[in-house]
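J.: Structure file upload_36.tsv (TSV, C-alpha atoms) right here:
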chain	number	residue	atom	x	y	z
K	91	MET	CA	-253.88	-163.68	-255.10
K	92	PRO	CA	-250.67	-163.00	-253.16
K	93	LYS	CA	-251.02	-162.95	-249.46
K	94	GLU	CA	-250.87	-159.51	-247.95
K	95	LYS	CA	-247.80	-159.09	-245.80
K	96	PRO	CA	-248.42	-157.96	-242.24
K	97	PRO	CA	-247.05	-154.46	-241.72
K	98	ALA	CA	-243.47	-154.38	-240.50
K	99	LEU	CA	-242.92	-154.10	-236.79
K	100	GLU	CA	-240.71	-151.11	-237.34
K	101	ASP	CA	-243.59	-149.12	-238.87
K	102	LYS	CA	-245.56	-149.21	-235.65
K	103	PRO	CA	-245.70	-146.04	-233.55
K	104	PHE	CA	-242.44	-145.40	-231.72
K	105	THR	CA	-243.61	-145.96	-228.15
K	106	GLU	CA	-245.66	-149.03	-229.07
K	107	PHE	CA	-242.72	-150.58	-230.92
K	108	MET	CA	-240.35	-149.89	-228.05
K	109	GLU	CA	-242.64	-151.11	-225.29
K	110	GLN	CA	-244.11	-154.13	-226.98
K	111	HIS	CA	-241.28	-155.35	-229.18
K	112	PHE	CA	-237.87	-153.85	-228.51
K	113	VAL	CA	-237.73	-154.11	-224.72
K	114	PRO	CA	-239.12	-157.66	-224.50
K	115	SER	CA	-236.86	-159.01	-227.22
K	116	LEU	CA	-233.86	-157.24	-225.71
K	117	ASP	CA	-234.73	-158.83	-222.37
K	118	GLU	CA	-234.96	-162.22	-224.02
K	119	ALA	CA	-231.64	-161.73	-225.82
K	120	PHE	CA	-229.90	-160.83	-222.56
K	121	ALA	CA	-231.44	-163.87	-220.87
K	122	ASP	CA	-230.06	-166.00	-223.72
K	123	ALA	CA	-226.67	-164.40	-223.21
K	124	GLY	CA	-226.71	-165.49	-219.58
K	125	ILE	CA	-227.74	-162.35	-217.72
K	126	ASP	CA	-230.57	-163.25	-215.38
K	127	ASP	CA	-231.26	-160.08	-213.43
K	128	MET	CA	-231.44	-157.60	-216.31
K	129	SER	CA	-233.96	-154.88	-215.55
K	130	LEU	CA	-235.01	-152.86	-218.56
K	131	SER	CA	-237.27	-149.85	-218.61
K	132	PHE	CA	-238.48	-147.52	-221.33
K	133	VAL	CA	-238.79	-144.05	-219.83
K	134	LYS	CA	-238.72	-140.40	-220.74
K	135	GLU	CA	-236.04	-138.79	-218.63
K	136	PRO	CA	-233.25	-136.22	-218.96
K	137	VAL	CA	-229.86	-137.48	-220.16
K	138	PRO	CA	-227.76	-138.26	-217.05
K	139	LEU	CA	-224.57	-136.79	-218.49
K	140	ALA	CA	-222.66	-133.79	-217.23
K	141	GLY	CA	-223.48	-130.77	-219.37
K	142	ALA	CA	-226.60	-132.29	-220.95
K	143	SER	CA	-229.79	-130.24	-221.16
K	144	SER	CA	-232.56	-130.99	-218.68
K	145	GLU	CA	-234.95	-131.84	-221.53
K	146	SER	CA	-236.53	-135.26	-221.17
K	147	ILE	CA	-235.95	-137.70	-223.99
K	148	TRP	CA	-237.09	-141.27	-224.52
K	149	GLN	CA	-234.54	-143.81	-223.47
K	150	VAL	CA	-234.19	-147.47	-222.66
K	151	GLN	CA	-232.45	-147.94	-219.33
K	152	GLY	CA	-230.93	-151.24	-218.40
K	153	SER	CA	-229.05	-152.39	-215.36
K	154	TRP	CA	-227.92	-155.75	-214.14
K	155	ASN	CA	-225.75	-157.53	-211.60
K	156	LYS	CA	-227.50	-155.71	-208.72
K	157	GLY	CA	-227.06	-152.39	-210.49
K	158	THR	CA	-223.30	-152.78	-210.98
K	159	TYR	CA	-223.60	-152.07	-214.68
K	160	GLN	CA	-225.98	-149.70	-216.38
K	161	PHE	CA	-226.54	-148.67	-219.94
K	162	ASN	CA	-228.89	-146.21	-221.59
K	163	ILE	CA	-229.99	-146.07	-225.21
K	164	TYR	CA	-231.32	-142.66	-226.18
K	165	PHE	CA	-233.84	-141.83	-228.89
K	166	PRO	CA	-233.88	-138.02	-229.05
K	167	ASP	CA	-235.90	-137.99	-232.31
K	168	GLU	CA	-238.57	-140.35	-230.91
K	169	ASP	CA	-238.00	-142.48	-233.98
K	170	ILE	CA	-235.90	-145.61	-234.30
K	171	LYS	CA	-234.65	-144.41	-237.67
K	172	GLY	CA	-233.54	-141.09	-236.21
K	173	GLN	CA	-230.48	-140.31	-234.16
K	174	LYS	CA	-229.57	-142.73	-231.43
K	175	GLY	CA	-227.20	-142.48	-228.52
K	176	PHE	CA	-225.68	-144.82	-226.00
K	177	SER	CA	-223.99	-144.49	-222.65
K	178	PHE	CA	-222.51	-146.97	-220.24
K	179	ALA	CA	-221.60	-146.66	-216.59
K	180	THR	CA	-220.71	-148.82	-213.62
K	181	ASN	CA	-221.61	-148.75	-209.92
K	182	GLY	CA	-224.32	-146.15	-210.29
K	183	LYS	CA	-221.88	-143.48	-211.45
K	184	GLN	CA	-222.73	-140.84	-214.00
K	185	PRO	CA	-221.76	-141.97	-217.51
K	186	SER	CA	-218.89	-139.93	-218.93
K	187	ILE	CA	-219.53	-139.95	-222.68
K	188	PHE	CA	-222.51	-139.87	-224.98
K	189	GLU	CA	-221.71	-142.39	-227.69
K	190	SER	CA	-223.31	-142.66	-231.08
K	191	PHE	CA	-225.31	-145.82	-231.61
K	192	MET	CA	-225.83	-147.62	-234.96
K	193	ILE	CA	-224.39	-144.56	-236.68
K	194	ASP	CA	-223.22	-146.42	-239.81
K	195	GLU	CA	-226.28	-148.62	-240.14
K	196	ARG	CA	-228.69	-147.73	-242.91
K	197	ARG	CA	-231.17	-150.50	-242.15
K	198	VAL	CA	-232.81	-150.23	-238.75
K	199	ASN	CA	-234.94	-153.09	-237.56
K	200	LEU	CA	-235.67	-154.94	-234.37
K	201	ASP	CA	-233.10	-157.72	-234.80
K	202	LEU	CA	-230.30	-155.33	-235.69
K	203	MET	CA	-231.03	-153.04	-232.77
K	204	VAL	CA	-230.98	-155.96	-230.35
K	205	MET	CA	-227.80	-157.34	-231.93
K	206	TYR	CA	-225.94	-154.05	-231.67
K	207	VAL	CA	-226.90	-153.58	-228.02
K	208	LEU	CA	-225.57	-157.03	-227.21
K	209	GLN	CA	-222.43	-156.44	-229.24
K	210	ARG	CA	-221.80	-153.18	-227.41
K	211	ILE	CA	-222.21	-154.83	-224.00
K	212	ASN	CA	-220.04	-157.73	-225.13
K	213	ALA	CA	-217.31	-155.25	-226.11
K	214	GLU	CA	-216.91	-154.52	-222.40
K	215	LYS	CA	-216.23	-158.26	-221.89
K	216	LEU	CA	-219.29	-158.54	-219.69
K	217	LEU	CA	-221.11	-161.38	-221.46
K	218	VAL	CA	-218.24	-163.80	-222.12
K	219	ARG	CA	-214.78	-164.03	-220.61
K	220	ASN	CA	-211.69	-164.00	-222.80
O	274	MET	CA	-119.77	-147.62	-236.15
O	275	PHE	CA	-122.95	-145.65	-236.85
O	276	LYS	CA	-125.12	-148.75	-236.56
O	277	PHE	CA	-126.57	-147.58	-233.24
O	278	LEU	CA	-127.81	-144.42	-235.00
O	279	GLN	CA	-129.98	-146.65	-237.19
O	280	GLN	CA	-131.62	-148.02	-234.04
O	281	VAL	CA	-132.17	-144.53	-232.63
O	282	GLY	CA	-133.73	-143.44	-235.91
O	283	ASP	CA	-136.08	-146.47	-235.95
O	284	TYR	CA	-137.12	-145.77	-232.37
O	285	ALA	CA	-137.82	-142.11	-233.13
O	286	LYS	CA	-139.83	-143.09	-236.22
O	287	GLY	CA	-141.83	-145.59	-234.23
O	288	THR	CA	-142.59	-142.98	-231.60
O	289	VAL	CA	-143.81	-140.53	-234.19
O	290	GLN	CA	-145.93	-143.24	-235.82
O	291	ALA	CA	-147.43	-144.25	-232.47
O	292	ALA	CA	-148.22	-140.63	-231.63
O	293	LYS	CA	-149.90	-140.25	-235.04
O	294	TYR	CA	-152.03	-143.37	-234.60
O	295	ILE	CA	-153.06	-142.34	-231.09
O	296	GLY	CA	-154.07	-138.96	-232.45
O	297	GLN	CA	-156.02	-140.60	-235.29
O	298	GLY	CA	-157.76	-142.93	-232.89
O	299	LEU	CA	-158.70	-140.14	-230.50
O	300	SER	CA	-159.87	-137.88	-233.32
O	301	VAL	CA	-163.26	-139.60	-233.20
O	302	THR	CA	-163.39	-138.95	-229.46
O	303	PHE	CA	-162.44	-135.31	-229.84
O	304	ASP	CA	-164.88	-134.96	-232.73
O	305	HIS	CA	-167.73	-135.70	-230.33
O	306	MET	CA	-167.02	-132.41	-228.56
O	307	GLN	CA	-168.41	-130.66	-231.64
O	308	ARG	CA	-171.47	-132.88	-232.00
O	309	ARG	CA	-174.92	-132.06	-230.66
O	310	PRO	CA	-176.07	-133.78	-227.48
O	311	VAL	CA	-178.50	-136.60	-228.15
O	312	THR	CA	-178.85	-137.99	-224.65
O	313	VAL	CA	-182.28	-137.94	-223.04
O	314	GLN	CA	-182.62	-138.55	-219.32
O	315	TYR	CA	-185.21	-141.16	-220.11
O	316	PRO	CA	-187.76	-141.68	-217.40
O	317	TYR	CA	-187.78	-137.94	-216.60
O	318	GLU	CA	-187.36	-136.63	-220.13
O	319	LYS	CA	-188.92	-138.16	-223.22
O	320	LEU	CA	-188.76	-137.26	-226.90
O	321	ILE	CA	-192.03	-136.28	-228.54
O	322	PRO	CA	-192.75	-138.81	-231.29
O	323	SER	CA	-193.13	-137.35	-234.78
O	324	GLU	CA	-196.49	-136.98	-236.54
O	325	ARG	CA	-196.26	-140.25	-238.43
O	326	PHE	CA	-194.93	-142.26	-235.52
O	327	ARG	CA	-196.27	-145.80	-235.58
O	328	GLY	CA	-196.91	-146.88	-232.02
O	329	ARG	CA	-199.45	-149.09	-230.32
O	330	ILE	CA	-202.60	-149.57	-232.38
O	331	HIS	CA	-205.91	-148.19	-231.14
O	332	PHE	CA	-209.09	-150.08	-231.97
O	333	GLU	CA	-212.69	-148.94	-231.86
O	334	PHE	CA	-215.00	-151.84	-231.33
O	335	ASP	CA	-218.21	-150.13	-232.44
O	336	LYS	CA	-216.88	-149.17	-235.85
O	337	CYS	CA	-215.57	-152.63	-236.77
O	338	ILE	CA	-217.58	-154.49	-239.41
O	339	SER	CA	-215.61	-157.77	-239.05
O	340	CYS	CA	-214.47	-157.66	-242.69
O	341	GLU	CA	-211.05	-159.16	-241.79
O	342	VAL	CA	-209.19	-156.88	-244.20
O	343	CYS	CA	-206.72	-156.16	-241.39
O	344	VAL	CA	-205.95	-159.86	-241.19
O	345	ARG	CA	-205.46	-160.19	-244.93
O	346	VAL	CA	-203.09	-157.23	-245.28
O	347	CYS	CA	-201.07	-158.19	-242.20
O	348	PRO	CA	-197.73	-159.80	-243.13
O	349	ILE	CA	-198.33	-162.56	-240.57
O	350	ASN	CA	-202.16	-162.48	-240.32
O	351	LEU	CA	-201.87	-161.29	-236.74
O	352	PRO	CA	-205.18	-159.61	-235.74
O	353	VAL	CA	-207.68	-162.06	-234.30
O	354	VAL	CA	-211.21	-161.19	-235.42
O	355	ASP	CA	-213.66	-163.41	-233.59
O	356	TRP	CA	-217.06	-162.94	-235.19
O	357	GLU	CA	-220.11	-165.05	-235.83
O	358	PHE	CA	-222.91	-164.74	-238.34
O	359	ASP	CA	-226.12	-163.67	-236.65
O	360	ARG	CA	-228.83	-165.52	-238.55
O	361	THR	CA	-231.79	-163.46	-237.36
O	362	SER	CA	-230.38	-160.10	-238.42
O	363	LYS	CA	-228.15	-161.44	-241.25
O	364	LYS	CA	-225.19	-159.55	-239.91
O	365	LYS	CA	-221.70	-160.38	-238.72
O	366	LYS	CA	-221.58	-159.99	-234.97
O	367	LEU	CA	-218.14	-159.14	-233.61
O	368	ASN	CA	-217.41	-160.98	-230.36
O	369	HIS	CA	-213.75	-160.31	-229.68
O	370	TYR	CA	-210.82	-158.63	-231.37
O	371	SER	CA	-207.19	-158.80	-230.35
O	372	ILE	CA	-203.70	-157.97	-231.56
O	373	ASP	CA	-200.54	-159.40	-230.00
O	374	PHE	CA	-198.03	-156.56	-229.80
O	375	GLY	CA	-195.29	-158.98	-228.89
O	376	VAL	CA	-195.50	-160.21	-232.48
O	377	CYS	CA	-196.72	-157.08	-234.31
O	378	ILE	CA	-194.06	-155.32	-236.38
O	379	PHE	CA	-195.99	-152.02	-236.47
O	380	CYS	CA	-195.97	-151.86	-240.27
O	381	GLY	CA	-199.33	-150.07	-240.24
O	382	ASN	CA	-200.91	-152.05	-243.07
O	383	CYS	CA	-204.03	-152.80	-241.04
O	384	VAL	CA	-204.46	-149.12	-240.19
O	385	GLU	CA	-203.96	-148.18	-243.83
O	386	TYR	CA	-206.52	-150.61	-245.19
O	387	CYS	CA	-209.25	-150.59	-242.51
O	388	PRO	CA	-212.37	-149.52	-244.47
O	389	THR	CA	-214.14	-148.01	-241.45
O	390	ASN	CA	-211.06	-146.41	-239.83
O	391	CYS	CA	-211.58	-148.30	-236.63
O	392	LEU	CA	-207.84	-148.94	-236.37
O	393	SER	CA	-205.41	-146.11	-235.78
O	394	MET	CA	-201.81	-145.59	-234.76
O	395	THR	CA	-200.99	-143.96	-231.43
O	396	GLU	CA	-197.83	-142.38	-230.02
O	397	GLU	CA	-197.55	-144.99	-227.30
O	398	TYR	CA	-194.29	-146.92	-227.54
O	399	GLU	CA	-193.55	-148.09	-224.00
O	400	LEU	CA	-194.67	-151.68	-224.43
O	401	SER	CA	-192.56	-153.56	-221.94
O	402	THR	CA	-193.92	-156.28	-219.70
O	403	TYR	CA	-192.54	-159.04	-217.55
O	404	ASP	CA	-194.54	-161.63	-219.46
O	405	ARG	CA	-194.73	-161.53	-223.25
O	406	HIS	CA	-198.32	-162.74	-223.18
O	407	ASP	CA	-199.29	-159.49	-221.45
O	408	LEU	CA	-198.71	-157.83	-224.81
O	409	ASN	CA	-201.63	-159.71	-226.34
O	410	TYR	CA	-204.14	-156.85	-226.18
O	411	ASP	CA	-207.85	-157.62	-226.29
O	412	ASN	CA	-210.48	-155.19	-227.54
O	413	VAL	CA	-210.77	-153.45	-224.17
O	414	ALA	CA	-207.01	-152.86	-223.93
O	415	LEU	CA	-206.89	-151.80	-227.58
O	416	GLY	CA	-209.64	-149.28	-226.97
O	417	ARG	CA	-207.90	-147.51	-224.08
O	418	LEU	CA	-206.73	-143.98	-224.64
O	419	PRO	CA	-203.01	-143.90	-225.46
O	420	TYR	CA	-200.33	-142.51	-223.16
O	421	LYS	CA	-198.84	-139.23	-224.36
O	422	VAL	CA	-195.50	-137.82	-223.25
O	423	THR	CA	-196.88	-134.29	-223.42
O	424	GLN	CA	-199.69	-135.09	-220.99
O	425	ASP	CA	-197.58	-136.73	-218.30
O	426	PRO	CA	-196.87	-134.27	-215.45
O	427	MET	CA	-193.84	-136.33	-214.37
O	428	VAL	CA	-192.13	-136.07	-217.77
O	429	THR	CA	-190.37	-133.21	-219.52
O	430	PRO	CA	-191.24	-133.61	-223.21
O	431	LEU	CA	-188.34	-132.82	-225.54
O	432	ARG	CA	-188.57	-132.04	-229.23
O	433	GLU	CA	-186.61	-134.02	-231.80
O	434	LEU	CA	-183.95	-132.22	-233.85
O	435	ALA	CA	-186.15	-131.71	-236.92
O	436	TYR	CA	-188.71	-129.92	-234.75
O	437	LEU	CA	-186.24	-127.50	-233.15
O	438	PRO	CA	-185.88	-123.92	-234.43
O	439	LYS	CA	-183.15	-123.28	-236.97
O	440	GLY	CA	-179.64	-123.31	-235.47
O	441	VAL	CA	-180.76	-124.80	-232.17
O	442	SER	CA	-179.47	-128.24	-231.33
O	443	ASP	CA	-180.42	-128.52	-227.67
O	444	PRO	CA	-184.11	-129.13	-226.92
O	445	HIS	CA	-183.76	-127.98	-223.30
O	446	ASP	CA	-185.00	-124.56	-222.16
O	447	LEU	CA	-186.64	-123.67	-225.45
O	448	PRO	CA	-188.82	-120.58	-225.38
O	449	ALA	CA	-192.49	-121.52	-225.60
O	450	GLY	CA	-193.84	-121.49	-229.14
O	451	ALA	CA	-190.44	-121.49	-230.85
O	452	PRO	CA	-191.26	-122.48	-234.43
O	453	ARG	CA	-189.62	-125.38	-236.21
O	454	PRO	CA	-187.70	-124.67	-239.44
O	455	GLY	CA	-189.98	-126.69	-241.72
O	456	LYS	CA	-193.53	-125.76	-242.63
O	457	PHE	CA	-196.58	-127.45	-241.21
O	458	PRO	CA	-198.93	-129.15	-243.71
O	459	GLN	CA	-201.56	-126.44	-243.24
O	460	ASP	CA	-198.95	-123.76	-244.03
O	461	ILE	CA	-198.01	-125.56	-247.25
O	462	ILE	CA	-201.67	-125.79	-248.28
O	463	GLU	CA	-202.14	-122.08	-247.60
O	464	ALA	CA	-199.03	-121.16	-249.59
O	465	THR	CA	-200.02	-123.27	-252.61
O	466	LYS	CA	-203.52	-121.82	-252.52
O	467	ALA	CA	-202.17	-118.27	-252.51
O	468	GLN	CA	-199.84	-119.15	-255.39
O	469	GLU	CA	-202.66	-120.69	-257.44
O	470	ASP	CA	-204.83	-117.63	-256.86
O	471	SER	CA	-202.08	-115.24	-257.98
O	472	GLU	CA	-201.48	-117.34	-261.11
O	473	LYS	CA	-205.19	-117.30	-261.88
O	474	ASP	CA	-205.28	-113.52	-261.50
O	475	LYS	CA	-202.30	-113.19	-263.84
O	476	ALA	CA	-203.92	-115.39	-266.48
O	477	GLU	CA	-207.14	-113.37	-266.24
O	478	ALA	CA	-205.21	-110.12	-266.57
O	479	ALA	CA	-203.39	-111.42	-269.66
O	480	GLN	CA	-206.67	-112.28	-271.45
For the file at hand, write its structure as structure tokens.
T.:
Amino acid sequence: MPKEKPPALEDKPFTEFMEQHFVPSLDEAFADAGIDDMSLSFVKEPVPLAGASSESIWQVQGSWNKGTYQFNIYFPDEDIKGQKGFSFATNGKQPSIFESFMIDERRVNLDLMVMYVLQRINAEKLLVRN
Amino acid sequence: MFKFLQQVGDYAKGTVQAAKYIGQGLSVTFDHMQRRPVTVQYPYEKLIPSERFRGRIHFEFDKCISCEVCVRVCPINLPVVDWEFDRTSKKKKLNHYSIDFGVCIFCGNCVEYCPTNCLSMTEEYELSTYDRHDLNYDNVALGRLPYKVTQDPMVTPLRELAYLPKGVSDPHDLPAGAPRPGKFPQDIIEATKAQEDSEKDKAEAAQ
């Protein structure tokens, strides 16, 4: 008899997946990349952009280097397979644009989400120098 | 006894010849009085680049899939795509991307072939630096918004000749909204659509 596969992590309820899997593995990935003081939180708050509605949406907030850099990953559909957004800001300022996140990716799983967050932060040349 | 007349005649001929050659030589100079002015007072006035102008290349990091097509179609394999294979997610992870504009010939092959359209041409052409290595743009520099002559408050943008109204050769003091002689692409599309519709109506009427 073939062994029954454990259900995929991604099929877990949204908040459980985010709190128990996504945030810890993202934290670990950032620690591997050499950022020690990364503080990540999974909260339901309004989007901090100018012109955004005051509706609260689930988001992962991260900041490091004593709050010099911040990023937010938004999940307006409360589903990792739904729409996702990203914003980046420095020195506690309000982020200026709401970027799309993983817009071209059909497959959405934990490893990919972590990889794309790291790639996006690396694009700002914040993980490795030239 | 009339030998001296020969000399006078030669001298007169030479004078006429010289006058003719001077006139011929200066004809180019005088011709310029008829030509249109092409001078632009550069740092204060700048020409607006045309629609297909190939300037500095813009790069969007998030769209890049590290396929390296840009490198393969480049005549000198110039773009540097630094990626690594991420074993856990089985995906290419892009670390850095750079193009050296001191070496780039702006042929636009990379822009043409990029499958995700993460490369694009801009109107920025003022790429002068004191050190040629400053022209090696990394992905942050490539992702910056391009400079535009029409958005610079210090610069008077001037239209090129093909974009001036018919019969006008001086781009200064043009009335706002003066149309250019040629049609815009959207006008051509509209005209062909109208023509196709009228032909269709005719064919239906004939049946």
J.: Could you tell me how far CA of Val301 in chain O sits from CA of Lys286 in chain O, in Å to one decimal place?
T.: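 We find that CA of Lys286 in chain O and CA of Val301 in chain O lie 23.9 Å from each other.
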J.: Please, which residues of chain O lie no more than 10 Å from chain K when the count uses all atoms listed in the file, and can they be set out as a PyMOL selection string?
T.: chain O and resi 333-336+338+359-370+389+411-413+416
J.: Phe374 in chain O: which residues within 9 Å, counting all atoms listed in the file, same-chain residues fewer than 4 positions away excluded, as a list of chain:residue names?
T.: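 Listing them by chain and then by number gives O:Arg329, O:Ile330, O:Ile378, O:Phe379, O:Leu400, O:Arg405, O:Asp407, O:Leu408, O:Asn409, O:Tyr410.
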J.: Using all atoms listed in the file, which residues sit within 10 Å of Asn155 in chain K once same-chain residues fewer than 2 positions away are excluded, as number ranges by chain?
T.: K: 125-129, 153, 157-160, 181
J.: If you take every atom of range 136-151 of chain K that the file lists and fit an axis-aligned box around them with 5 Å extra on each side, what centre and edge lengths come out in Å to one decimal, as lines of an AutoDock Vina configuration file?
T.:
center_x = -229.9
center_y = -139.1
center_z = -220.8
size_x = 24.4
size_y = 27.7
size_z = 17.5
J.: CA of Asn390 in chain O and CA of Phe188 in chain K, how far apart in Å?
T.: 19.9 Å
J.: Set the distance at 12 Å and use only C-alpha atoms: which residues neighbour Val346 in chain O once local chain neighbours fewer than 6 positions away are removed? I'd like the list as a list of chain:residue names.
T.: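 Result of the neighbour search: O:Cys340, O:Pro352, O:Cys380, O:Gly381, O:Asn382, O:Cys383, O:Val384, O:Glu385, O:Tyr386, O:Cys387.
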J.: Write the residues of the preceding selection, restricted to C-alpha atoms, as a PDB file, keeping the file's coordinate frame.
T.:
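Wrote it out as out.pdb, contents follow:
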ATOM      1  CA  CYS O 340    -214.470-157.660-242.690  1.00  0.00           C
ATOM      2  CA  PRO O 352    -205.180-159.610-235.740  1.00  0.00           C
ATOM      3  CA  CYS O 380    -195.970-151.860-240.270  1.00  0.00           C
ATOM      4  CA  GLY O 381    -199.330-150.070-240.240  1.00  0.00           C
ATOM      5  CA  ASN O 382    -200.910-152.050-243.070  1.00  0.00           C
ATOM      6  CA  CYS O 383    -204.030-152.800-241.040  1.00  0.00           C
ATOM      7  CA  VAL O 384    -204.460-149.120-240.190  1.00  0.00           C
ATOM      8  CA  GLU O 385    -203.960-148.180-243.830  1.00  0.00           C
ATOM      9  CA  TYR O 386    -206.520-150.610-245.190  1.00  0.00           C
ATOM     10  CA  CYS O 387    -209.250-150.590-242.510  1.00  0.00           C
TER      11      CYS O 387
END
J.: Give the answer as one residue: which of K:Ile147, K:Ala98, K:Val137, K:Ala123 has the shortest atom-to-atom distance to Ser177 in chain K, using only C-alpha atoms?
T.: K:Val137
J.: For CA of Asp373 in chain O and CA of Glu357 in chain O, quote the distance in Å rounded to one decimal.
T.: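 Between CA of Asp373 in chain O and CA of Glu357 in chain O the gap is 21.2 Å.
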J.: Extract, using only C-alpha atoms, all DNA, RNA and protein residues at most 8 Å from Ser131 in chain K, discarding same-chain residues fewer than 2 positions from it, and format them as a PyMOL selection string.
T.: chain K and resi 113+129+133+150-152
J.: Using only C-alpha atoms, which residues sit within 12 Å of range 447-450 of chain O once same-chain residues fewer than 6 positions away are excluded, as a PyMOL selection string?
T.: chain O and resi 429-432+436-438+441
J.: Hey, which of K:Lys102, K:Arg196, K:Lys134, K:Lys156 ends up closest to Gly172 in chain K? Count only C-alpha atoms.
T.: K:Arg196
J.: Within 10 Å of (-220.0, -133.9, -222.0) in the file's own coordinates, which protein, DNA or RNA residues have an atom, counting all atoms listed in the file? List them as a list in words.
T.: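 Every polymer residue passing the test: Leu139, Ala140, Gly141, Ala142, Pro185, Ser186, Ile187 and Phe188 of chain K.
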J.: Nearest residue to Trp148 in chain K out of K:Phe104, K:Pro114, K:Val207, K:Lys171, using all atoms listed in the file?
T.: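 That would be K:Phe104, the residue with the smallest distance to Trp148 in chain K.
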J.: Mind completing range 306-317 of chain O with N, CA and C atoms? Output as a PDB file, in the frame of the given file, please?
T.:
ATOM      1  N   MET O 306    -166.847-133.677-229.281  1.00  0.00           N
ATOM      2  CA  MET O 306    -167.020-132.410-228.560  1.00  0.00           C
ATOM      3  C   MET O 306    -167.771-131.403-229.407  1.00  0.00           C
ATOM      4  N   GLN O 307    -167.721-131.580-230.731  1.00  0.00           N
ATOM      5  CA  GLN O 307    -168.410-130.660-231.640  1.00  0.00           C
ATOM      6  C   GLN O 307    -169.853-131.090-231.898  1.00  0.00           C
ATOM      7  N   ARG O 308    -170.145-132.368-231.609  1.00  0.00           N
ATOM      8  CA  ARG O 308    -171.470-132.880-232.000  1.00  0.00           C
ATOM      9  C   ARG O 308    -172.544-132.429-231.036  1.00  0.00           C
ATOM     10  N   ARG O 309    -173.816-132.490-231.509  1.00  0.00           N
ATOM     11  CA  ARG O 309    -174.920-132.060-230.660  1.00  0.00           C
ATOM     12  C   ARG O 309    -175.252-133.153-229.644  1.00  0.00           C
ATOM     13  N   PRO O 310    -175.725-132.774-228.472  1.00  0.00           N
ATOM     14  CA  PRO O 310    -176.070-133.780-227.480  1.00  0.00           C
ATOM     15  C   PRO O 310    -177.352-134.516-227.882  1.00  0.00           C
ATOM     16  N   VAL O 311    -177.314-135.825-227.794  1.00  0.00           N
ATOM     17  CA  VAL O 311    -178.500-136.600-228.150  1.00  0.00           C
ATOM     18  C   VAL O 311    -179.055-137.367-226.945  1.00  0.00           C
ATOM     19  N   THR O 312    -178.429-137.223-225.816  1.00  0.00           N
ATOM     20  CA  THR O 312    -178.850-137.990-224.650  1.00  0.00           C
ATOM     21  C   THR O 312    -180.144-137.433-224.077  1.00  0.00           C
ATOM     22  N   VAL O 313    -181.031-138.330-223.695  1.00  0.00           N
ATOM     23  CA  VAL O 313    -182.280-137.940-223.040  1.00  0.00           C
ATOM     24  C   VAL O 313    -182.323-138.677-221.706  1.00  0.00           C
ATOM     25  N   GLN O 314    -182.571-137.929-220.645  1.00  0.00           N
ATOM     26  CA  GLN O 314    -182.620-138.550-219.320  1.00  0.00           C
ATOM     27  C   GLN O 314    -183.946-139.286-219.211  1.00  0.00           C
ATOM     28  N   TYR O 315    -183.985-140.524-219.689  1.00  0.00           N
ATOM     29  CA  TYR O 315    -185.210-141.160-220.110  1.00  0.00           C
ATOM     30  C   TYR O 315    -186.417-141.124-219.181  1.00  0.00           C
ATOM     31  N   PRO O 316    -186.413-141.663-218.022  1.00  0.00           N
ATOM     32  CA  PRO O 316    -187.760-141.680-217.400  1.00  0.00           C
ATOM     33  C   PRO O 316    -188.265-140.282-217.049  1.00  0.00           C
ATOM     34  N   TYR O 317    -187.362-139.295-216.967  1.00  0.00           N
ATOM     35  CA  TYR O 317    -187.780-137.940-216.600  1.00  0.00           C
ATOM     36  C   TYR O 317    -187.967-137.062-217.823  1.00  0.00           C
TER      37      TYR O 317
END
